[in-house]
>>> print(open('work.pdb').read())   # PDB, C-alpha atoms and all ligand atoms
MODEL        1
ATOM      1  CA  MET V   1       0.000   0.000   0.000  1.00  0.00           C
ATOM      2  CA  SER V   2       2.919   2.269  -0.484  1.00  0.00           C
ATOM      3  CA  ALA V   3       2.015   3.657  -3.831  1.00  0.00           C
ATOM      4  CA  PRO V   4       4.083   6.774  -4.268  1.00  0.00           C
ATOM      5  CA  LEU V   5       2.524   9.625  -6.055  1.00  0.00           C
ATOM      6  CA  VAL V   6       4.596   9.295  -9.158  1.00  0.00           C
ATOM      7  CA  LEU V   7       3.348  10.639 -12.398  1.00  0.00           C
ATOM      8  CA  PRO V   8       4.440   9.206 -15.702  1.00  0.00           C
ATOM      9  CA  CYS V   9       6.154  11.382 -18.246  1.00  0.00           C
ATOM     10  CA  PHE V  10       3.783  12.943 -20.685  1.00  0.00           C
ATOM     11  CA  ARG V  11       5.907  11.775 -23.573  1.00  0.00           C
ATOM     12  CA  HIS V  12       7.284   8.590 -22.091  1.00  0.00           C
ATOM     13  CA  PRO V  13       4.533   6.783 -20.178  1.00  0.00           C
ATOM     14  CA  GLU V  14       6.954   4.115 -19.045  1.00  0.00           C
ATOM     15  CA  ARG V  15       9.210   6.641 -17.343  1.00  0.00           C
ATOM     16  CA  GLU V  16       8.772   8.445 -14.092  1.00  0.00           C
ATOM     17  CA  ALA V  17       8.233  12.111 -14.236  1.00  0.00           C
ATOM     18  CA  ALA V  18      11.013  14.091 -12.657  1.00  0.00           C
ATOM     19  CA  ALA V  19       9.540  17.536 -12.935  1.00  0.00           C
ATOM     20  CA  ARG V  20       6.408  19.303 -13.830  1.00  0.00           C
ATOM     21  CA  CYS V  21       6.281  22.022 -16.418  1.00  0.00           C
ATOM     22  CA  PRO V  22       4.923  25.160 -14.764  1.00  0.00           C
ATOM     23  CA  ALA V  23       3.617  26.416 -18.075  1.00  0.00           C
ATOM     24  CA  CYS V  24       1.491  23.523 -19.285  1.00  0.00           C
ATOM     25  CA  ARG V  25       1.193  21.714 -15.934  1.00  0.00           C
ATOM     26  CA  ARG V  26       2.239  18.408 -17.422  1.00  0.00           C
ATOM     27  CA  ALA V  27       4.681  16.013 -15.868  1.00  0.00           C
ATOM     28  CA  PHE V  28       7.869  15.182 -17.718  1.00  0.00           C
ATOM     29  CA  CYS V  29      10.849  12.994 -17.171  1.00  0.00           C
ATOM     30  CA  ARG V  30      14.346  14.319 -16.710  1.00  0.00           C
ATOM     31  CA  GLU V  31      15.024  14.093 -20.407  1.00  0.00           C
ATOM     32  CA  CYS V  32      11.997  16.029 -21.512  1.00  0.00           C
ATOM     33  CA  VAL V  33      12.503  19.090 -19.364  1.00  0.00           C
ATOM     34  CA  THR V  34      15.075  21.789 -19.742  1.00  0.00           C
ATOM     35  CA  GLU V  35      16.076  24.450 -17.327  1.00  0.00           C
ATOM     36  CA  HIS V  36      15.490  27.835 -18.832  1.00  0.00           C
ATOM     37  CA  ASP V  37      15.775  31.173 -17.123  1.00  0.00           C
ATOM     38  CA  GLY V  38      15.639  29.564 -13.671  1.00  0.00           C
ATOM     39  CA  ARG V  39      12.554  27.583 -14.534  1.00  0.00           C
ATOM     40  CA  VAL V  40      12.110  24.027 -15.682  1.00  0.00           C
ATOM     41  CA  LEU V  41      10.123  23.926 -18.867  1.00  0.00           C
ATOM     42  CA  CYS V  42       9.183  21.123 -21.173  1.00  0.00           C
ATOM     43  CA  ALA V  43      10.466  21.098 -24.722  1.00  0.00           C
ATOM     44  CA  SER V  44       7.362  22.514 -26.328  1.00  0.00           C
ATOM     45  CA  CYS V  45       6.990  25.276 -23.754  1.00  0.00           C
ATOM     46  CA  LEU V  46      10.693  26.032 -24.020  1.00  0.00           C
ATOM     47  CA  ARG V  47      10.329  26.457 -27.750  1.00  0.00           C
ATOM     48  CA  ALA V  48       7.323  28.700 -27.231  1.00  0.00           C
ATOM     49  CA  ALA V  49       9.248  30.763 -24.692  1.00  0.00           C
ATOM     50  CA  ALA V  50      12.371  31.000 -26.811  1.00  0.00           C
ATOM     51  CA  SER V  51      10.745  31.832 -30.127  1.00  0.00           C
ATOM     52  CA  PRO V  52       9.395  35.338 -30.528  1.00  0.00           C
ATOM     53  CA  ALA V  53       5.972  34.134 -31.544  1.00  0.00           C
ATOM     54  CA  ALA V  54       4.214  36.046 -28.794  1.00  0.00           C
ATOM     55  CA  PRO V  55       4.121  39.628 -30.009  1.00  0.00           C
ATOM     56  CA  PRO V  56       1.279  39.552 -32.524  1.00  0.00           C
ATOM     57  CA  ARG V  57      -0.890  41.152 -29.910  1.00  0.00           C
ATOM     58  CA  ARG V  58       1.562  43.977 -29.373  1.00  0.00           C
ATOM     59  CA  ARG V  59       1.790  44.495 -33.106  1.00  0.00           C
ATOM     60  CA  ILE V  60      -1.961  44.849 -33.331  1.00  0.00           C
ATOM     61  CA  ALA V  61      -1.866  47.361 -30.493  1.00  0.00           C
ATOM     62  CA  GLU V  62       0.870  49.271 -32.277  1.00  0.00           C
ATOM     63  CA  ARG V  63      -1.145  49.273 -35.454  1.00  0.00           C
ATOM     64  CA  PHE V  64      -4.176  50.439 -33.567  1.00  0.00           C
ATOM     65  CA  ALA V  65      -2.180  53.232 -31.951  1.00  0.00           C
ATOM     66  CA  ALA V  66      -0.821  54.274 -35.333  1.00  0.00           C
ATOM     67  CA  ALA V  67      -4.301  54.261 -36.810  1.00  0.00           C
ATOM     68  CA  ALA V  68      -5.613  56.278 -33.887  1.00  0.00           C
ATOM     69  CA  GLY V  69      -2.781  58.777 -34.302  1.00  0.00           C
ATOM     70  CA  PHE V  70      -3.498  59.043 -38.012  1.00  0.00           C
ATOM     71  CA  LEU V  71      -7.180  59.541 -37.284  1.00  0.00           C
ATOM     72  CA  ALA V  72      -6.395  62.214 -34.711  1.00  0.00           C
ATOM     73  CA  ALA V  73      -4.116  64.006 -37.162  1.00  0.00           C
ATOM     74  CA  TRP V  74      -6.749  63.754 -39.872  1.00  0.00           C
ATOM     75  CA  LEU V  75      -9.406  65.117 -37.518  1.00  0.00           C
ATOM     76  CA  PHE V  76      -7.087  67.950 -36.512  1.00  0.00           C
ATOM     77  CA  PHE V  77      -6.433  68.978 -40.092  1.00  0.00           C
ATOM     78  CA  PHE V  78     -10.071  68.498 -40.988  1.00  0.00           C
ATOM     79  CA  LEU V  79     -11.161  70.859 -38.234  1.00  0.00           C
ATOM     80  CA  LEU V  80      -8.331  73.255 -39.056  1.00  0.00           C
ATOM     81  CA  GLY V  81      -9.399  73.281 -42.682  1.00  0.00           C
ATOM     82  CA  ARG V  82     -12.981  73.953 -41.753  1.00  0.00           C
ATOM     83  CA  LEU V  83     -11.866  76.746 -39.478  1.00  0.00           C
ATOM     84  CA  LEU V  84      -9.696  78.271 -42.197  1.00  0.00           C
ATOM     85  CA  VAL V  85     -12.526  78.001 -44.695  1.00  0.00           C
ATOM     86  CA  ALA V  86     -15.046  79.494 -42.306  1.00  0.00           C
ATOM     87  CA  LEU V  87     -12.878  82.360 -41.112  1.00  0.00           C
ATOM     88  CA  PRO V  88     -12.088  84.315 -44.303  1.00  0.00           C
ATOM     89  CA  SER V  89     -15.590  84.058 -45.692  1.00  0.00           C
ATOM     90  CA  SER V  90     -17.197  85.646 -42.670  1.00  0.00           C
ATOM     91  CA  ALA V  91     -14.385  88.169 -42.275  1.00  0.00           C
ATOM     92  CA  GLY V  92     -14.448  88.986 -45.991  1.00  0.00           C
ATOM     93  CA  GLU V  93     -18.164  89.535 -45.929  1.00  0.00           C
ATOM     94  CA  GLY V  94     -17.848  91.904 -43.042  1.00  0.00           C
ATOM     95  CA  ALA V  95     -15.049  93.868 -44.674  1.00  0.00           C
ATOM     96  CA  GLY V  96     -16.624  93.872 -48.097  1.00  0.00           C
ATOM     97  CA  PHE V  97     -13.586  92.285 -49.628  1.00  0.00           C
ATOM     98  CA  GLY V  98     -15.603  90.187 -52.053  1.00  0.00           C
ATOM     99  CA  ASP V  99     -16.685  91.260 -55.518  1.00  0.00           C
ATOM    100  CA  PRO V 100     -17.368  94.965 -55.473  1.00  0.00           C
ATOM    101  CA  PRO V 101     -21.014  95.797 -56.025  1.00  0.00           C
ATOM    102  CA  THR V 102     -22.076  97.082 -59.388  1.00  0.00           C
ATOM    103  CA  ARG V 103     -20.867 100.586 -59.631  1.00  0.00           C
ATOM    104  CA  SER V 104     -21.250 103.043 -62.387  1.00  0.00           C
ATOM    105  CA  GLU V 105     -18.229 103.355 -64.568  1.00  0.00           C
ATOM    106  CA  PRO V 106     -16.607 106.694 -64.755  1.00  0.00           C
ATOM    107  CA  ARG V 107     -17.492 108.154 -68.107  1.00  0.00           C
TER
HETATM  108 ZN    ZN T   1       5.190  22.752 -20.845  1.00  0.00          ZN
HETATM  109 ZN    ZN T   2      10.019  11.980 -21.091  1.00  0.00          ZN
ENDMDL
END
>>> encode(input="work.pdb", output="structure tokens")
Amino acid sequence: MSAPLVLPCFRHPEREAAARCPACRRAFCRECVTEHDGRVLCASCLRAAASPAAPPRRRIAERFAAAAGFLAAWLFFFLLGRLLVALPSSAGEGAGFGDPPTRSEPR
């Protein structure tokens, strides 16, 4: 009745697991785990941690930020353009800078 709580390796069922991968929570034998950055990871998790396959999310955020910046710039220039269009027309009307009214020609 002394069955030790030994888990088999996830890849080698006939072997005893020596460590458990903290990333995927699976048990692995001594051969299947590798120490990486102070942690013991299995081969697949080690590959996932080593390869830069994580940053698609950050890229999307960067794209979104760039799009938002572009939109903000567009809005700024759009409003600026409207302001520039609206200003001279009202000011010109007040100053009478438009086409001069029909006036009698001298002679
Ligand atoms: Zn793992
Ligand atoms: Zn193994």
>>> residues_near_ligand(input="work.pdb", ligand="ligand ZN 2 (chain T)", cutoff="7 Å", atoms="only C-alpha atoms and all ligand atoms", output="MDAnalysis selection string")
chainID V and resid 9:12 15 28:32
>>> closest_atom_pairs(input="work.pdb", of="chain V", to="ligand ZN 1 (chain T)", cutoff="12 Å", atoms="all atoms listed in the file", output="Markdown table")
| residue | atom | partner | partner_atom | distance |
| --- | --- | --- | --- | --- |
| V:Cys9 | CA | T:ZN1 | ZN | 11.7 |
| V:Phe10 | CA | T:ZN1 | ZN | 9.9 |
| V:Arg11 | CA | T:ZN1 | ZN | 11.3 |
| V:Ala19 | CA | T:ZN1 | ZN | 10.4 |
| V:Arg20 | CA | T:ZN1 | ZN | 7.9 |
| V:Cys21 | CA | T:ZN1 | ZN | 4.6 |
| V:Pro22 | CA | T:ZN1 | ZN | 6.5 |
| V:Ala23 | CA | T:ZN1 | ZN | 4.9 |
| V:Cys24 | CA | T:ZN1 | ZN | 4.1 |
| V:Arg25 | CA | T:ZN1 | ZN | 6.4 |
| V:Arg26 | CA | T:ZN1 | ZN | 6.3 |
| V:Ala27 | CA | T:ZN1 | ZN | 8.4 |
| V:Phe28 | CA | T:ZN1 | ZN | 8.6 |
| V:Cys29 | CA | T:ZN1 | ZN | 11.9 |
| V:Cys32 | CA | T:ZN1 | ZN | 9.6 |
| V:Val33 | CA | T:ZN1 | ZN | 8.3 |
| V:Thr34 | CA | T:ZN1 | ZN | 10.0 |
| V:Glu35 | CA | T:ZN1 | ZN | 11.6 |
| V:His36 | CA | T:ZN1 | ZN | 11.7 |
| V:Arg39 | CA | T:ZN1 | ZN | 10.8 |
| V:Val40 | CA | T:ZN1 | ZN | 8.7 |
| V:Leu41 | CA | T:ZN1 | ZN | 5.4 |
| V:Cys42 | CA | T:ZN1 | ZN | 4.3 |
| V:Ala43 | CA | T:ZN1 | ZN | 6.8 |
| V:Ser44 | CA | T:ZN1 | ZN | 5.9 |
| V:Cys45 | CA | T:ZN1 | ZN | 4.3 |
| V:Leu46 | CA | T:ZN1 | ZN | 7.1 |
| V:Arg47 | CA | T:ZN1 | ZN | 9.4 |
| V:Ala48 | CA | T:ZN1 | ZN | 9.0 |
| V:Ala49 | CA | T:ZN1 | ZN | 9.8 |
>>> atom_distance(input="work.pdb", atom1="CA of Gly38 (chain V)", atom2="CA of Ala17 (chain V)")
19.0 Å
>>> atom_distance(input="work.pdb", atom1="CA of Trp74 (chain V)", atom2="CA of Arg57 (chain V)")
25.4 Å
>>> decode(input="work.pdb", residues="region 29-94 of chain V", atoms="C-alpha atoms", output="PDB file, in the first residue's frame")
ATOM      1  CA  CYS V  29      10.849  12.994 -17.171  1.00  0.00           C
ATOM      2  CA  ARG V  30      14.346  14.319 -16.710  1.00  0.00           C
ATOM      3  CA  GLU V  31      15.024  14.093 -20.407  1.00  0.00           C
ATOM      4  CA  CYS V  32      11.997  16.029 -21.512  1.00  0.00           C
ATOM      5  CA  VAL V  33      12.503  19.090 -19.364  1.00  0.00           C
ATOM      6  CA  THR V  34      15.075  21.789 -19.742  1.00  0.00           C
ATOM      7  CA  GLU V  35      16.076  24.450 -17.327  1.00  0.00           C
ATOM      8  CA  HIS V  36      15.490  27.835 -18.832  1.00  0.00           C
ATOM      9  CA  ASP V  37      15.775  31.173 -17.123  1.00  0.00           C
ATOM     10  CA  GLY V  38      15.639  29.564 -13.671  1.00  0.00           C
ATOM     11  CA  ARG V  39      12.554  27.583 -14.534  1.00  0.00           C
ATOM     12  CA  VAL V  40      12.110  24.027 -15.682  1.00  0.00           C
ATOM     13  CA  LEU V  41      10.123  23.926 -18.867  1.00  0.00           C
ATOM     14  CA  CYS V  42       9.183  21.123 -21.173  1.00  0.00           C
ATOM     15  CA  ALA V  43      10.466  21.098 -24.722  1.00  0.00           C
ATOM     16  CA  SER V  44       7.362  22.514 -26.328  1.00  0.00           C
ATOM     17  CA  CYS V  45       6.990  25.276 -23.754  1.00  0.00           C
ATOM     18  CA  LEU V  46      10.693  26.032 -24.020  1.00  0.00           C
ATOM     19  CA  ARG V  47      10.329  26.457 -27.750  1.00  0.00           C
ATOM     20  CA  ALA V  48       7.323  28.700 -27.231  1.00  0.00           C
ATOM     21  CA  ALA V  49       9.248  30.763 -24.692  1.00  0.00           C
ATOM     22  CA  ALA V  50      12.371  31.000 -26.811  1.00  0.00           C
ATOM     23  CA  SER V  51      10.745  31.832 -30.127  1.00  0.00           C
ATOM     24  CA  PRO V  52       9.395  35.338 -30.528  1.00  0.00           C
ATOM     25  CA  ALA V  53       5.972  34.134 -31.544  1.00  0.00           C
ATOM     26  CA  ALA V  54       4.214  36.046 -28.794  1.00  0.00           C
ATOM     27  CA  PRO V  55       4.121  39.628 -30.009  1.00  0.00           C
ATOM     28  CA  PRO V  56       1.279  39.552 -32.524  1.00  0.00           C
ATOM     29  CA  ARG V  57      -0.890  41.152 -29.910  1.00  0.00           C
ATOM     30  CA  ARG V  58       1.562  43.977 -29.373  1.00  0.00           C
ATOM     31  CA  ARG V  59       1.790  44.495 -33.106  1.00  0.00           C
ATOM     32  CA  ILE V  60      -1.961  44.849 -33.331  1.00  0.00           C
ATOM     33  CA  ALA V  61      -1.866  47.361 -30.493  1.00  0.00           C
ATOM     34  CA  GLU V  62       0.870  49.271 -32.277  1.00  0.00           C
ATOM     35  CA  ARG V  63      -1.145  49.273 -35.454  1.00  0.00           C
ATOM     36  CA  PHE V  64      -4.176  50.439 -33.567  1.00  0.00           C
ATOM     37  CA  ALA V  65      -2.180  53.232 -31.951  1.00  0.00           C
ATOM     38  CA  ALA V  66      -0.821  54.274 -35.333  1.00  0.00           C
ATOM     39  CA  ALA V  67      -4.301  54.261 -36.810  1.00  0.00           C
ATOM     40  CA  ALA V  68      -5.613  56.278 -33.887  1.00  0.00           C
ATOM     41  CA  GLY V  69      -2.781  58.777 -34.302  1.00  0.00           C
ATOM     42  CA  PHE V  70      -3.498  59.043 -38.012  1.00  0.00           C
ATOM     43  CA  LEU V  71      -7.180  59.541 -37.284  1.00  0.00           C
ATOM     44  CA  ALA V  72      -6.395  62.214 -34.711  1.00  0.00           C
ATOM     45  CA  ALA V  73      -4.116  64.006 -37.162  1.00  0.00           C
ATOM     46  CA  TRP V  74      -6.749  63.754 -39.872  1.00  0.00           C
ATOM     47  CA  LEU V  75      -9.406  65.117 -37.518  1.00  0.00           C
ATOM     48  CA  PHE V  76      -7.087  67.950 -36.512  1.00  0.00           C
ATOM     49  CA  PHE V  77      -6.433  68.978 -40.092  1.00  0.00           C
ATOM     50  CA  PHE V  78     -10.071  68.498 -40.988  1.00  0.00           C
ATOM     51  CA  LEU V  79     -11.161  70.859 -38.234  1.00  0.00           C
ATOM     52  CA  LEU V  80      -8.331  73.255 -39.056  1.00  0.00           C
ATOM     53  CA  GLY V  81      -9.399  73.281 -42.682  1.00  0.00           C
ATOM     54  CA  ARG V  82     -12.981  73.953 -41.753  1.00  0.00           C
ATOM     55  CA  LEU V  83     -11.866  76.746 -39.478  1.00  0.00           C
ATOM     56  CA  LEU V  84      -9.696  78.271 -42.197  1.00  0.00           C
ATOM     57  CA  VAL V  85     -12.526  78.001 -44.695  1.00  0.00           C
ATOM     58  CA  ALA V  86     -15.046  79.494 -42.306  1.00  0.00           C
ATOM     59  CA  LEU V  87     -12.878  82.360 -41.112  1.00  0.00           C
ATOM     60  CA  PRO V  88     -12.088  84.315 -44.303  1.00  0.00           C
ATOM     61  CA  SER V  89     -15.590  84.058 -45.692  1.00  0.00           C
ATOM     62  CA  SER V  90     -17.197  85.646 -42.670  1.00  0.00           C
ATOM     63  CA  ALA V  91     -14.385  88.169 -42.275  1.00  0.00           C
ATOM     64  CA  GLY V  92     -14.448  88.986 -45.991  1.00  0.00           C
ATOM     65  CA  GLU V  93     -18.164  89.535 -45.929  1.00  0.00           C
ATOM     66  CA  GLY V  94     -17.848  91.904 -43.042  1.00  0.00           C
TER      67      GLY V  94
END
